[in-house]
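Take a look at the structure below.
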Amino acid sequence: MDADEQAARLQELADALEFSRRESQELRSELEETNRGVLALYAELDAQAEQLRQATELKSSFLAYMSHEFRTPINSIRSITRLLLDRVDGPLTEEQVKQVSFVQQNATEFAEMVDDLLDLAKVEAGRVEISPAWFEMVDLFSALRGMFKPVLTNPAVNLVFEEPENVPKLYTDDRKLSQILRNFISNALKFTPRGDVRVTARLQGDGQVTFSVSDTGIGIAPEFHQSLFEDFTQVQSPLQKRLRGTGLGLSLSKKLAALLGGSVRLDSEHGKGSVFSVTIPIQLEGAKPE
Ligand SMILES: Nc1ncnc2c1ncn2[C@@H]1O[C@H](COP(=O)(O)OP(=O)(O)OP(=O)(O)O)[C@@H](O)[C@H]1O
Ligand SMILES: [Mg+2]
């Protein structure tokens with residue numbers, strides 16, 4: 001290679017080097033731009049998260065105030081209807097009894113709805129007190145059995161509480177647990193035209209216990225399994241049209257289960273029935289049993 005050739009070769013190399021230097025420079029500035037974009041997006045996301053948090057807080061306090069304020073008038077409607085039905089102010093005609101009973105029934109439903117809303121608002125605002133204590137499963141089951149006896153109006157449906165086997169004493173908030181099971185059971189009864197609603201308690205290996213409410217009712221299609229545990233979700237069905245409800249029960253149950261250190265779960269096949277279960281630690285963590 002002579003000197004000219006060598007110089008030309010060198011020049012070529014230098015050109016190639018310059019080219020790739022420029023290319024990488026371009027790439028770098030492109031990357032920097034993308035980075036800036038990502039940062040801007042992050043900031044926007046942060047702002048939106050903050051807005052969402054504020055909106056949730058507002059919603060919670062609105063719910064809390066509203067449902068609290070509703071209680072007084074509802075209760076006065078309920079006591080007045082009771083007075084009327086007790087004939088304190090004299091006799092009622094048959095038609096009046098029907099009408100007043102209707103008002104009473106609606107006021108009761110309204111009161112239940114307001115209680116649910118208030119509970120939900122309290123949970124969301126982190127204002128729910130968990131008060132754990134030792135208790136026996138059998139006692140909880142028999143209390144539930146007593147509670148549901150008066151509402152079992154469909155003779156084609158059996159409500160069965162299976163004797164809990166080997167389930168030790170629990171240390172948790174029995175009222176919250178009962179609230180979760182009550183909602184599962186009342187749902188199961190609502191959506192089961194015939195067959196069994198079965199309540200069981202089973203010990204898991206890892207210091208947890210699972211309560212299940214299984215039914216032979218209408219079941220739930222898979223696409224709804226997740227969203228049912230969110231506020232106000234209801235699945236449309238011919239049964240649903242005849243029933244009332246707000247769609248808050250399951251969402252509240254999920255939140256209560258989390259407060260008890262556990263979780264809820266749904267297994268269901270459309271048309272065959274459903275199993276709603278809640279799994280919680282036998283002993284609430286962080287709480288010191290005395
Ligand atoms: N055992 C079940 N079988 C079939 N569908 C069910 C069952 N349990 C719940 N669902 C469906 O899930 C929906 C939500 O239940 P959830 O308890 O949250 O509300 P709700 O019972 O409609 O009203 P609320 O409990 O607030 O009075 C129900 O409306 C129903 O569509
Ligand atoms: Mg319900």
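Residue numbering restarts at 1 for every chain of the structure tokens, chains are lettered A, B, ... in their displayed order, and ligands are numbered from 1 as they appear.
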
Write out as a compact mmCIF listing (two decimals) with N, CA and C atoms, in the first residue's frame which residues come within 12 Å of Asp231 in chain A when counting only C-alpha atoms, dropping same-chain ones fewer than 2 positions away.
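Generated output (selection17.txt):
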# COMPACT_ATOMS: atom_id res chain seq x y z
N ASP A 116 -75.22 -0.12 54.86
CA ASP A 116 -74.16 -0.62 53.98
C ASP A 116 -73.26 0.51 53.49
N LEU A 117 -73.90 1.60 53.06
CA LEU A 117 -73.14 2.73 52.54
C LEU A 117 -72.23 3.32 53.61
N LEU A 120 -69.31 1.06 54.22
CA LEU A 120 -68.35 1.15 53.13
C LEU A 120 -67.51 2.42 53.25
N ALA A 121 -68.19 3.52 53.55
CA ALA A 121 -67.49 4.80 53.69
C ALA A 121 -66.50 4.73 54.84
N GLU A 124 -63.50 2.69 53.79
CA GLU A 124 -62.65 3.43 52.86
C GLU A 124 -61.88 4.53 53.56
N GLN A 226 -64.50 -11.25 38.64
CA GLN A 226 -63.67 -10.22 39.26
C GLN A 226 -64.50 -9.02 39.69
N SER A 227 -65.31 -8.51 38.75
CA SER A 227 -65.96 -7.22 38.99
C SER A 227 -67.07 -7.28 40.05
N LEU A 228 -67.57 -8.47 40.36
CA LEU A 228 -68.64 -8.57 41.36
C LEU A 228 -68.23 -8.03 42.71
N PHE A 229 -66.92 -8.07 42.97
CA PHE A 229 -66.45 -7.62 44.28
C PHE A 229 -66.23 -6.11 44.30
N THR A 233 -71.78 -3.48 41.58
CA THR A 233 -71.84 -4.41 40.44
C THR A 233 -72.92 -5.45 40.68
N GLN A 234 -73.80 -5.59 39.71
CA GLN A 234 -74.81 -6.64 39.78
C GLN A 234 -74.91 -7.28 38.40
N GLY A 245 -81.58 -4.62 46.07
CA GLY A 245 -80.20 -4.73 46.54
C GLY A 245 -79.42 -3.62 45.88
N THR A 246 -78.30 -3.28 46.47
CA THR A 246 -77.54 -2.15 45.97
C THR A 246 -76.28 -2.58 45.25
N GLY A 247 -75.87 -3.82 45.46
CA GLY A 247 -74.62 -4.26 44.85
C GLY A 247 -73.43 -3.83 45.68
N LEU A 248 -73.64 -3.63 46.98
CA LEU A 248 -72.53 -3.20 47.83
C LEU A 248 -72.03 -4.34 48.73
N GLY A 249 -72.87 -5.35 48.91
CA GLY A 249 -72.56 -6.40 49.88
C GLY A 249 -71.22 -7.08 49.64
N LEU A 250 -70.94 -7.47 48.41
CA LEU A 250 -69.70 -8.19 48.14
C LEU A 250 -68.48 -7.29 48.25
N SER A 251 -68.64 -6.06 47.81
CA SER A 251 -67.50 -5.15 47.88
C SER A 251 -67.15 -4.87 49.34
N LEU A 252 -68.18 -4.72 50.16
CA LEU A 252 -67.95 -4.53 51.59
C LEU A 252 -67.32 -5.79 52.19
N SER A 253 -67.81 -6.96 51.78
CA SER A 253 -67.26 -8.21 52.31
C SER A 253 -65.77 -8.35 51.99
N LYS A 254 -65.41 -7.97 50.77
CA LYS A 254 -64.00 -8.07 50.37
C LYS A 254 -63.14 -7.17 51.24
N LYS A 255 -63.64 -5.95 51.50
CA LYS A 255 -62.87 -5.01 52.31
C LYS A 255 -62.76 -5.48 53.75

(message) If you run DSSP on the backbone here, which positions in range 205-245 of chain A get strand (DSSP E)? Please write them as a PyMOL selection string.
(response) chain A and resi 208-215

Keeping only C-alpha atoms, take the residues you just selected and write them out as a short mmCIF file (atom, residue, chain, number, x, y, z; two decimals), in the first residue's frame.
data_model
loop_
_atom_site.label_atom_id
_atom_site.label_comp_id
_atom_site.auth_asym_id
_atom_site.auth_seq_id
_atom_site.Cartn_x
_atom_site.Cartn_y
_atom_site.Cartn_z
CA GLN A 208 -55.95 -20.17 58.30
CA VAL A 209 -59.56 -21.15 58.17
CA THR A 210 -61.87 -21.04 55.15
CA PHE A 211 -65.60 -20.43 55.40
CA SER A 212 -67.61 -21.29 52.33
CA VAL A 213 -71.17 -20.67 51.32
CA SER A 214 -72.12 -22.88 48.40
CA ASP A 215 -75.41 -22.85 46.59
#

(request) Rank A:Met147, A:Val167, A:Ile282, A:Leu189 by their smallest atom-to-atom distance to Asp206 in chain A, using only C-alpha atoms, and report the top residue only. (result)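 Among the listed residues, the smallest separation from Asp206 in chain A belongs to A:Ile282.
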
(request) Do a neighbour search on range 106-109 of chain A at 7 Å with only C-alpha atoms, toss out local chain neighbours closer than 3 positions, and write the hits as a VMD selection string. (result) chain A and resid 74 77 to 78 102 to 103 112 to 113

(request) Looking only at helix (DSSP H, G or I) from DSSP on the backbone, list the matching residues of range 117-240 of chain A as a PyMOL selection string. (result) chain A and resi 117-124+137-151+174-190+222-224+227-229+238-240

Since we have the selection now, will you write its residues out, keeping N, CA and C atoms, as a short mmCIF file (atom, residue, chain, number, x, y, z; two decimals), in the first residue's frame?
data_model
loop_
_atom_site.label_atom_id
_atom_site.label_comp_id
_atom_site.auth_asym_id
_atom_site.auth_seq_id
_atom_site.Cartn_x
_atom_site.Cartn_y
_atom_site.Cartn_z
N LEU A 117 -73.90 1.60 53.06
CA LEU A 117 -73.14 2.73 52.54
C LEU A 117 -72.23 3.32 53.61
N LEU A 118 -72.78 3.43 54.80
CA LEU A 118 -72.02 4.00 55.90
C LEU A 118 -70.82 3.10 56.24
N ASP A 119 -71.07 1.80 56.26
CA ASP A 119 -69.99 0.84 56.52
C ASP A 119 -68.89 0.98 55.48
N LEU A 120 -69.31 1.06 54.22
CA LEU A 120 -68.35 1.15 53.13
C LEU A 120 -67.51 2.42 53.25
N ALA A 121 -68.19 3.52 53.55
CA ALA A 121 -67.49 4.80 53.69
C ALA A 121 -66.50 4.73 54.84
N LYS A 122 -66.91 4.08 55.92
CA LYS A 122 -66.02 3.96 57.08
C LYS A 122 -64.80 3.13 56.74
N VAL A 123 -65.02 2.03 56.03
CA VAL A 123 -63.89 1.18 55.64
C VAL A 123 -62.93 1.96 54.76
N GLU A 124 -63.50 2.69 53.79
CA GLU A 124 -62.65 3.43 52.86
C GLU A 124 -61.88 4.53 53.56
N MET A 137 -66.50 -21.36 66.74
CA MET A 137 -67.22 -21.39 65.47
C MET A 137 -68.69 -21.80 65.65
N VAL A 138 -68.88 -22.81 66.51
CA VAL A 138 -70.25 -23.32 66.68
C VAL A 138 -71.21 -22.20 67.11
N ASP A 139 -70.70 -21.31 67.97
CA ASP A 139 -71.54 -20.21 68.44
C ASP A 139 -71.90 -19.27 67.29
N LEU A 140 -70.90 -19.00 66.44
CA LEU A 140 -71.15 -18.11 65.32
C LEU A 140 -72.19 -18.74 64.39
N PHE A 141 -72.02 -20.03 64.11
CA PHE A 141 -72.97 -20.72 63.23
C PHE A 141 -74.38 -20.71 63.82
N SER A 142 -74.48 -20.94 65.13
CA SER A 142 -75.84 -21.01 65.67
C SER A 142 -76.48 -19.62 65.69
N ALA A 143 -75.68 -18.58 65.89
CA ALA A 143 -76.23 -17.22 65.82
C ALA A 143 -76.74 -16.94 64.40
N LEU A 144 -75.94 -17.36 63.40
CA LEU A 144 -76.36 -17.14 62.01
C LEU A 144 -77.63 -17.93 61.69
N ARG A 145 -77.68 -19.16 62.20
CA ARG A 145 -78.85 -19.99 61.94
C ARG A 145 -80.10 -19.29 62.48
N GLY A 146 -79.98 -18.74 63.69
CA GLY A 146 -81.11 -18.03 64.29
C GLY A 146 -81.52 -16.82 63.49
N MET A 147 -80.52 -16.12 62.97
CA MET A 147 -80.79 -14.91 62.21
C MET A 147 -81.55 -15.20 60.92
N PHE A 148 -81.20 -16.32 60.28
CA PHE A 148 -81.81 -16.60 58.99
C PHE A 148 -83.14 -17.36 59.07
N LYS A 149 -83.42 -17.93 60.23
CA LYS A 149 -84.64 -18.73 60.35
C LYS A 149 -85.88 -17.96 59.89
N PRO A 150 -86.07 -16.70 60.36
CA PRO A 150 -87.30 -16.00 59.98
C PRO A 150 -87.37 -15.63 58.50
N VAL A 151 -86.23 -15.62 57.79
CA VAL A 151 -86.30 -15.19 56.39
C VAL A 151 -86.30 -16.36 55.40
N ASP A 174 -65.41 -11.30 65.44
CA ASP A 174 -66.51 -12.18 65.01
C ASP A 174 -67.65 -11.43 64.35
N ARG A 175 -67.83 -10.16 64.70
CA ARG A 175 -68.95 -9.43 64.08
C ARG A 175 -68.66 -9.13 62.61
N LYS A 176 -67.39 -8.83 62.31
CA LYS A 176 -67.04 -8.58 60.91
C LYS A 176 -67.16 -9.87 60.10
N LEU A 177 -66.68 -10.97 60.69
CA LEU A 177 -66.77 -12.26 60.01
C LEU A 177 -68.23 -12.62 59.77
N SER A 178 -69.05 -12.37 60.78
CA SER A 178 -70.47 -12.68 60.65
C SER A 178 -71.11 -11.82 59.56
N GLN A 179 -70.66 -10.57 59.47
CA GLN A 179 -71.20 -9.67 58.44
C GLN A 179 -70.89 -10.20 57.03
N ILE A 180 -69.66 -10.71 56.86
CA ILE A 180 -69.27 -11.27 55.55
C ILE A 180 -70.14 -12.49 55.23
N LEU A 181 -70.24 -13.40 56.21
CA LEU A 181 -71.01 -14.62 55.96
C LEU A 181 -72.49 -14.32 55.74
N ARG A 182 -72.99 -13.33 56.49
CA ARG A 182 -74.39 -12.94 56.31
C ARG A 182 -74.67 -12.51 54.89
N ASN A 183 -73.74 -11.74 54.35
CA ASN A 183 -73.97 -11.29 52.98
C ASN A 183 -73.88 -12.45 51.99
N PHE A 184 -72.89 -13.34 52.18
CA PHE A 184 -72.78 -14.51 51.29
C PHE A 184 -74.07 -15.33 51.36
N ILE A 185 -74.56 -15.55 52.60
CA ILE A 185 -75.73 -16.42 52.75
C ILE A 185 -76.98 -15.74 52.17
N SER A 186 -77.14 -14.44 52.43
CA SER A 186 -78.36 -13.82 51.92
C SER A 186 -78.32 -13.75 50.39
N ASN A 187 -77.13 -13.57 49.81
CA ASN A 187 -77.02 -13.63 48.36
C ASN A 187 -77.39 -15.02 47.86
N ALA A 188 -76.81 -16.04 48.50
CA ALA A 188 -77.06 -17.42 48.05
C ALA A 188 -78.55 -17.72 48.09
N LEU A 189 -79.22 -17.26 49.16
CA LEU A 189 -80.66 -17.51 49.26
C LEU A 189 -81.43 -16.76 48.18
N LYS A 190 -80.93 -15.53 47.87
CA LYS A 190 -81.61 -14.73 46.85
C LYS A 190 -81.53 -15.39 45.48
N PRO A 222 -68.17 -16.52 34.03
CA PRO A 222 -66.79 -16.19 34.41
C PRO A 222 -66.43 -14.72 34.23
N GLU A 223 -67.01 -14.05 33.22
CA GLU A 223 -66.59 -12.66 32.98
C GLU A 223 -66.96 -11.71 34.12
N PHE A 224 -67.84 -12.15 35.02
CA PHE A 224 -68.23 -11.27 36.12
C PHE A 224 -67.48 -11.55 37.42
N SER A 227 -65.31 -8.51 38.75
CA SER A 227 -65.96 -7.22 38.99
C SER A 227 -67.07 -7.28 40.05
N LEU A 228 -67.57 -8.47 40.36
CA LEU A 228 -68.64 -8.57 41.36
C LEU A 228 -68.23 -8.03 42.71
N PHE A 229 -66.92 -8.07 42.97
CA PHE A 229 -66.45 -7.62 44.28
C PHE A 229 -66.23 -6.11 44.30
N PRO A 238 -83.10 -12.61 35.11
CA PRO A 238 -84.53 -12.45 35.40
C PRO A 238 -84.79 -12.37 36.90
N LEU A 239 -83.97 -13.09 37.69
CA LEU A 239 -84.14 -13.06 39.15
C LEU A 239 -83.85 -11.66 39.69
N GLN A 240 -82.78 -11.07 39.16
CA GLN A 240 -82.32 -9.77 39.64
C GLN A 240 -83.43 -8.72 39.57
#

(request) Name the residues in contact with Pro73 in chain A at a cut-off of 12 Å, using only C-alpha atoms, excluding same-chain residues fewer than 3 positions from it; report them as a ChimeraX atom specification. (result) /A:66-70,76-80,107-108,110-111,114

Restricted to N, CA and C atoms, what would the selected residues look like written as a PDB file, in the first residue's frame?
ATOM      1  N   MET A  66     -73.799  11.738  54.164  1.00  0.00           N
ATOM      2  CA  MET A  66     -75.128  11.521  53.619  1.00  0.00           C
ATOM      3  C   MET A  66     -75.829  10.383  54.356  1.00  0.00           C
ATOM      4  N   SER A  67     -75.120   9.240  54.466  1.00  0.00           N
ATOM      5  CA  SER A  67     -75.817   8.105  55.062  1.00  0.00           C
ATOM      6  C   SER A  67     -76.113   8.367  56.536  1.00  0.00           C
ATOM      7  N   HIS A  68     -75.216   9.127  57.183  1.00  0.00           N
ATOM      8  CA  HIS A  68     -75.467   9.440  58.578  1.00  0.00           C
ATOM      9  C   HIS A  68     -76.698  10.322  58.723  1.00  0.00           C
ATOM     10  N   GLU A  69     -76.795  11.318  57.842  1.00  0.00           N
ATOM     11  CA  GLU A  69     -77.940  12.238  57.907  1.00  0.00           C
ATOM     12  C   GLU A  69     -79.248  11.540  57.570  1.00  0.00           C
ATOM     13  N   PHE A  70     -79.184  10.503  56.746  1.00  0.00           N
ATOM     14  CA  PHE A  70     -80.402   9.794  56.360  1.00  0.00           C
ATOM     15  C   PHE A  70     -81.001   8.992  57.506  1.00  0.00           C
ATOM     16  N   SER A  76     -87.344   7.701  62.022  1.00  0.00           N
ATOM     17  CA  SER A  76     -88.628   8.228  62.481  1.00  0.00           C
ATOM     18  C   SER A  76     -89.762   7.663  61.618  1.00  0.00           C
ATOM     19  N   ILE A  77     -89.518   7.465  60.339  1.00  0.00           N
ATOM     20  CA  ILE A  77     -90.551   6.822  59.504  1.00  0.00           C
ATOM     21  C   ILE A  77     -90.840   5.419  60.048  1.00  0.00           C
ATOM     22  N   ARG A  78     -89.754   4.709  60.399  1.00  0.00           N
ATOM     23  CA  ARG A  78     -89.951   3.338  60.889  1.00  0.00           C
ATOM     24  C   ARG A  78     -90.719   3.317  62.200  1.00  0.00           C
ATOM     25  N   SER A  79     -90.402   4.248  63.104  1.00  0.00           N
ATOM     26  CA  SER A  79     -91.145   4.171  64.374  1.00  0.00           C
ATOM     27  C   SER A  79     -92.589   4.594  64.206  1.00  0.00           C
ATOM     28  N   ILE A  80     -92.847   5.568  63.294  1.00  0.00           N
ATOM     29  CA  ILE A  80     -94.245   5.965  63.098  1.00  0.00           C
ATOM     30  C   ILE A  80     -95.056   4.825  62.474  1.00  0.00           C
ATOM     31  N   ALA A 107     -88.959   1.352  54.149  1.00  0.00           N
ATOM     32  CA  ALA A 107     -88.093   2.102  55.061  1.00  0.00           C
ATOM     33  C   ALA A 107     -87.017   1.185  55.619  1.00  0.00           C
ATOM     34  N   THR A 108     -87.380  -0.083  55.891  1.00  0.00           N
ATOM     35  CA  THR A 108     -86.406  -1.035  56.410  1.00  0.00           C
ATOM     36  C   THR A 108     -85.312  -1.299  55.376  1.00  0.00           C
ATOM     37  N   PHE A 110     -84.438   0.655  52.985  1.00  0.00           N
ATOM     38  CA  PHE A 110     -83.680   1.890  52.876  1.00  0.00           C
ATOM     39  C   PHE A 110     -82.642   1.968  54.005  1.00  0.00           C
ATOM     40  N   ALA A 111     -83.087   1.605  55.207  1.00  0.00           N
ATOM     41  CA  ALA A 111     -82.193   1.663  56.358  1.00  0.00           C
ATOM     42  C   ALA A 111     -81.012   0.711  56.164  1.00  0.00           C
ATOM     43  N   VAL A 114     -78.581   2.243  53.697  1.00  0.00           N
ATOM     44  CA  VAL A 114     -77.822   3.321  54.308  1.00  0.00           C
ATOM     45  C   VAL A 114     -76.739   2.754  55.233  1.00  0.00           C
TER      46      VAL A 114
END

(request) To one decimal in Å, tell me the separation between CA of Gly126 in chain A and CA of Asn75 in chain A. (result) 26.3 Å

(message) I'd like the contact shell of Thr172 in chain A - 8 Å cut-off, only C-alpha atoms, skipping same-chain residues fewer than 2 positions apart - returned as a PyMOL selection string.
(response) chain A and resi 131-134+170+174+260+282-284

(request) To one decimal in Å, tell me the separation between CA of Ala221 in chain A and CA of Ser268 in chain A. (result)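 Straight-line distance from CA of Ala221 in chain A to CA of Ser268 in chain A works out to 7.4 Å.
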
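Every protein or nucleic acid residue with an atom no more than 9 Å from Val160 in chain A, counting only C-alpha atoms and leaving out same-chain residues fewer than 2 positions away, appears here: A:Arg145, A:Asn158, A:Glu162, A:Asp196, A:Val197, A:Arg198, A:Val199, A:Thr200.
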
For the residues in that selection, give me C-alpha atoms as a compact mmCIF listing (two decimals), in the first residue's frame.
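What landed in part39.txt:
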# COMPACT_ATOMS: atom_id res chain seq x y z
CA ARG A 145 -78.85 -19.99 61.94
CA ASN A 158 -82.53 -25.80 52.57
CA GLU A 162 -72.26 -28.18 58.50
CA ASP A 196 -79.24 -26.28 49.10
CA VAL A 197 -77.32 -23.40 50.58
CA ARG A 198 -74.50 -24.94 52.57
CA VAL A 199 -72.22 -23.18 55.04
CA THR A 200 -68.94 -24.85 56.00

(request) Work out how far atom 19 (O, counted along the ligand's line) of ligand 1 is from CA of Gln204 in chain A, in Å to one decimal. (result) 28.0 Å
